[in-house]
Amino acid sequence: MANPNNWFRSGLHHIWLPYAQMKTIPDPAPVSRTQGALLELADGRQLIDGVGSWWTSVHGYNHPTLLDAARAQLETMPHVMLGGLAHEQAYKLATRLSDITPGDLDKTFFTESGSVAVEVAMKIAVQYYMNLTGERRTRFLSFKGGYHGDTFATMSVCDPDEGMHSLFAGVVPEQYVTDLPINPEQQEAFDRLLSQQKDIAAVLVEPLIQGAGGMRMHSEDTLRFMRAACDRHGVLLIFDEIFTGFGRTGEMFAATRATVPPDIMCVGKALTGGITPLAATIASRKVYEAFHTDSSENALMHGPTFTGHAVGCAVANAGLDLFEREPRLSQVRSIEQQLSKELMPVKELPLVNRVQVCGAVAAVELSTDFNVEKARRWFIDRGAFIRPLGRVVYLTPAFVIKPDQLRALTSVIADFAQHADQLS
Ligand SMILES: *Cc1c(COP(=O)(O)O)cnc(C)c1O
């Protein structure tokens, strides 16, 4: 196993990698094992992980509680389908999600990826009005800088450039993608759109932090404004908490931190601590009521093969145990303090535009372009795995990262901020 050359070199000819021009991308770094906040490369080097495998591994890699839960479930019953059969872990998880989510979010539909969880939320929103009043509200209002997935419906509600709206014009449905209602003019424009466009079923937002769009943060007041405007105009509010959910902002959900309950919430990513794919769409009782009738036509027609996967749900339940038993949220608050203390001074450097911190997320936006792949290698050479989004160098570490490990990451970012212009 020490020599990765066989599987790696031959596999590179056959694997099609995410978001990659296969002809020109530099080789990815082969990893042989993981532990806590560490990645061990096939050549024996250790990297401190600043990303957490697309923000999933909040409890650190290989947490024994999660591994035990997966093993135990695998041995008794890897999975049975939820059509006509039932298993404990999915039912238990649905109950627990209802308990920990804010407001009257109460009914959980399980999927296997975040994109599909958002698709289900969109389907629910459209059908909600059909069931309730027969109205055909078929479009969505979402935001520039937003990211909600890579399937066709979710691409349509992403940032128009990132979602490749022009490349896929005519294939991707047209939506209203606008500025976040942060200042008074934007709020007025947002309000006007909702009052004029009667085909809008729901507003869809990543609350507090737009993740993939570059870790852009907005305030709790912005969410409060949205909630009030949606209520005023009778439009549903969907929170895509696939990134922000499960402690990332310092509370269990961004909705909890902002004390703004949505009508529908999507979760994924950290739900299983990065061990298996699992996502969920959680609807409020009000939304669910519109489906809960004597007519079969009012039912939600959706059913992924692996909905409520038993191993995934068992691991997710064990992850919720960890949030109860271990001081996760106070760890996030300590991380927030340390990130602020160590990265806010970086703002003074000439190549730095902006530094933002929220919970266990830090984003340092540079004023210069640099080659992201060269940057990735620059960080690896200094013992860190950090993968910038455009001009934004960010950290989303595991919540169990040790203070000295985090300090190593922030100081390598401070160092990078002085050299980024040499990596074009
Ligand atoms: C990652 C992400 C998604 C998509 O989830 P996948 O599991 O990759 O399909 C959707 N919304 C947000 C906010 C995300 O961060």
# chains A, B, ... in the order shown; residues from 1 in each chain; ligands from 1
$ residues_around --residues "segment 283-288 of chain A" --least-positions-apart "3" --cutoff "7 Å" --atoms "only C-alpha atoms" --output "PyMOL selection string"
chain A and resi 104-108+128+263-265+291-292
$ select_by_dssp --residues "segment 117-231 of chain A" --states "alpha helix (DSSP H)" --output "PyMOL selection string"
chain A and resi 117-133+152-156+184-196+220-231
$ closest_residue --among "A:Asp49, A:Asp179, A:Glu174, A:Asp231" --to "Thr138 of chain A" --atoms "only C-alpha atoms"
A:Glu174
$ residues_near_ligand --ligand "ligand 1" --cutoff "7 Å" --atoms "only C-alpha atoms and all ligand atoms" --output "ChimeraX atom specification"
/A:113-116,118,147-150,206,210-212,240-243,268-269
$ closest_residue --among "A:Arg333, A:Lys347, A:Arg227, A:Lys92" --to "Ala314 of chain A" --atoms "only C-alpha atoms"
A:Lys92
$ closest_residue --among "A:Pro181, A:Gly312, A:Pro345, A:Gly134" --to "Leu93 of chain A" --atoms "only C-alpha atoms"
A:Gly312
$ residues_around --residues "Leu204 of chain A" --least-positions-apart "5" --cutoff "10 Å" --atoms "only C-alpha atoms" --output "PyMOL selection string"
chain A and resi 118+121-122+140-143+146+148+157-158+177+236-240+262+264-265
$ residues_around --residues "Thr244 of chain A" --least-positions-apart "5" --cutoff "8 Å" --atoms "only C-alpha atoms" --output "list in words"
Glu206, Pro207, Leu208, Ile209, Thr249, Phe253 and Ala254 of chain A
$ write_last_selection --atoms "C-alpha atoms" --output "compact mmCIF listing (two decimals), in the first residue's frame"
# COMPACT_ATOMS: atom_id res chain seq x y z
CA GLU A 206 -27.86 29.43 2.14
CA PRO A 207 -28.37 31.10 5.51
CA LEU A 208 -25.48 33.19 6.92
CA ILE A 209 -22.78 31.76 4.64
CA THR A 249 -21.82 28.45 12.52
CA PHE A 253 -28.11 25.29 12.45
CA ALA A 254 -27.70 28.78 10.98
$ residues_around --residues "segment 53-63 of chain A" --least-positions-apart "4" --cutoff "6 Å" --atoms "only C-alpha atoms" --output "PyMOL selection string"
chain A and resi 34-37+269-270+273-274+398-400
$ write_last_selection --atoms "N, CA and C atoms" --output "PDB file, in the first residue's frame"
ATOM      1  N   THR A  34      -6.389   8.397   7.272  1.00  0.00           N
ATOM      2  CA  THR A  34      -6.831   9.651   7.892  1.00  0.00           C
ATOM      3  C   THR A  34      -6.959   9.427   9.387  1.00  0.00           C
ATOM      4  N   GLN A  35      -6.850  10.504  10.148  1.00  0.00           N
ATOM      5  CA  GLN A  35      -7.066  10.426  11.594  1.00  0.00           C
ATOM      6  C   GLN A  35      -7.285  11.834  12.125  1.00  0.00           C
ATOM      7  N   GLY A  36      -8.375  12.040  12.852  1.00  0.00           N
ATOM      8  CA  GLY A  36      -8.627  13.370  13.421  1.00  0.00           C
ATOM      9  C   GLY A  36      -8.667  14.430  12.337  1.00  0.00           C
ATOM     10  N   ALA A  37      -7.793  15.419  12.439  1.00  0.00           N
ATOM     11  CA  ALA A  37      -7.730  16.465  11.407  1.00  0.00           C
ATOM     12  C   ALA A  37      -6.562  16.244  10.458  1.00  0.00           C
ATOM     13  N   LYS A 269     -24.009  16.939   3.781  1.00  0.00           N
ATOM     14  CA  LYS A 269     -22.604  17.098   4.169  1.00  0.00           C
ATOM     15  C   LYS A 269     -22.247  16.529   5.555  1.00  0.00           C
ATOM     16  N   ALA A 270     -22.280  17.386   6.614  1.00  0.00           N
ATOM     17  CA  ALA A 270     -21.793  16.930   7.925  1.00  0.00           C
ATOM     18  C   ALA A 270     -22.767  15.995   8.643  1.00  0.00           C
ATOM     19  N   GLY A 273     -21.012  13.067   9.408  1.00  0.00           N
ATOM     20  CA  GLY A 273     -19.614  13.295   9.752  1.00  0.00           C
ATOM     21  C   GLY A 273     -18.660  12.875   8.645  1.00  0.00           C
ATOM     22  N   GLY A 274     -19.153  12.825   7.427  1.00  0.00           N
ATOM     23  CA  GLY A 274     -18.280  12.531   6.298  1.00  0.00           C
ATOM     24  C   GLY A 274     -18.079  11.049   6.023  1.00  0.00           C
ATOM     25  N   ALA A 398     -12.236  20.415  10.852  1.00  0.00           N
ATOM     26  CA  ALA A 398     -12.983  19.574  11.787  1.00  0.00           C
ATOM     27  C   ALA A 398     -13.089  20.318  13.114  1.00  0.00           C
ATOM     28  N   PHE A 399     -14.201  20.099  13.833  1.00  0.00           N
ATOM     29  CA  PHE A 399     -14.398  20.817  15.098  1.00  0.00           C
ATOM     30  C   PHE A 399     -13.463  20.305  16.194  1.00  0.00           C
ATOM     31  N   VAL A 400     -12.839  19.166  15.958  1.00  0.00           N
ATOM     32  CA  VAL A 400     -11.927  18.590  16.954  1.00  0.00           C
ATOM     33  C   VAL A 400     -10.475  18.952  16.666  1.00  0.00           C
TER      34      VAL A 400
END
$ residues_around --residues "Thr222 of chain A" --least-positions-apart "6" --cutoff "12 Å" --atoms "only C-alpha atoms" --output "list in words"
Asp179, Leu180, Pro181, Ile182, Asn183, Pro184, Gln186, Gln187, Phe190, Val205, Glu206, Pro207, Leu208, Ile209, Ala228, Ala229, Ala255, Ala258, Thr259 and Val260 of chain A
$ write_last_selection --atoms "C-alpha atoms" --output "mmCIF file, in the first residue's frame"
data_model
loop_
_atom_site.group_PDB
_atom_site.id
_atom_site.type_symbol
_atom_site.label_atom_id
_atom_site.label_comp_id
_atom_site.auth_asym_id
_atom_site.auth_seq_id
_atom_site.Cartn_x
_atom_site.Cartn_y
_atom_site.Cartn_z
ATOM 1 C CA ASP A 179 -28.755 40.213 -4.927
ATOM 2 C CA LEU A 180 -29.066 39.247 -1.297
ATOM 3 C CA PRO A 181 -31.316 41.860 0.342
ATOM 4 C CA ILE A 182 -28.581 43.435 2.453
ATOM 5 C CA ASN A 183 -28.916 47.199 1.898
ATOM 6 C CA PRO A 184 -32.181 49.200 1.624
ATOM 7 C CA GLN A 186 -31.644 45.556 -2.421
ATOM 8 C CA GLN A 187 -34.373 45.001 0.139
ATOM 9 C CA PHE A 190 -36.396 41.924 -3.303
ATOM 10 C CA VAL A 205 -30.966 30.756 0.427
ATOM 11 C CA GLU A 206 -27.855 29.425 2.137
ATOM 12 C CA PRO A 207 -28.368 31.098 5.506
ATOM 13 C CA LEU A 208 -25.480 33.188 6.925
ATOM 14 C CA ILE A 209 -22.780 31.761 4.642
ATOM 15 C CA ALA A 228 -40.823 38.776 7.064
ATOM 16 C CA ALA A 229 -41.002 39.480 3.313
ATOM 17 C CA ALA A 255 -31.474 29.041 11.460
ATOM 18 C CA ALA A 258 -30.303 33.641 13.456
ATOM 19 C CA THR A 259 -33.504 32.562 15.247
ATOM 20 C CA VAL A 260 -35.233 32.492 11.862
#
$ residues_around --residues "segment 366-382 of chain A" --least-positions-apart "6" --cutoff "8 Å" --atoms "only C-alpha atoms" --output "ChimeraX atom specification"
/A:25-26,47,351-354,388-393,412,417,420-424
$ closest_residue --among "A:Ala70, A:Val346, A:Ala117, A:Met301" --to "Val315 of chain A" --atoms "only C-alpha atoms"
A:Ala70
$ closest_residue --among "A:Thr281, A:Ser98, A:Gln337, A:Thr410" --to "Glu112 of chain A" --atoms "only C-alpha atoms"
A:Thr281
$ closest_residue --among "A:Thr293, A:Cys313, A:Ala408, A:Val235" --to "Ala94 of chain A" --atoms "only C-alpha atoms"
A:Cys313
$ atom_distance --atom1 "atom CA of Ala125 of chain A" --atom2 "atom CA of Arg224 of chain A"
20.1 Å
$ select_by_dssp --residues "segment 20-168 of chain A" --states "strand (DSSP E or B)" --output "number ranges by chain"
A: 31-36, 38-41, 46-49, 61, 105-111, 139-143
$ atom_distance --atom1 "atom CA of Pro327 of chain A" --atom2 "atom CA of Gly247 of chain A"
10.8 Å
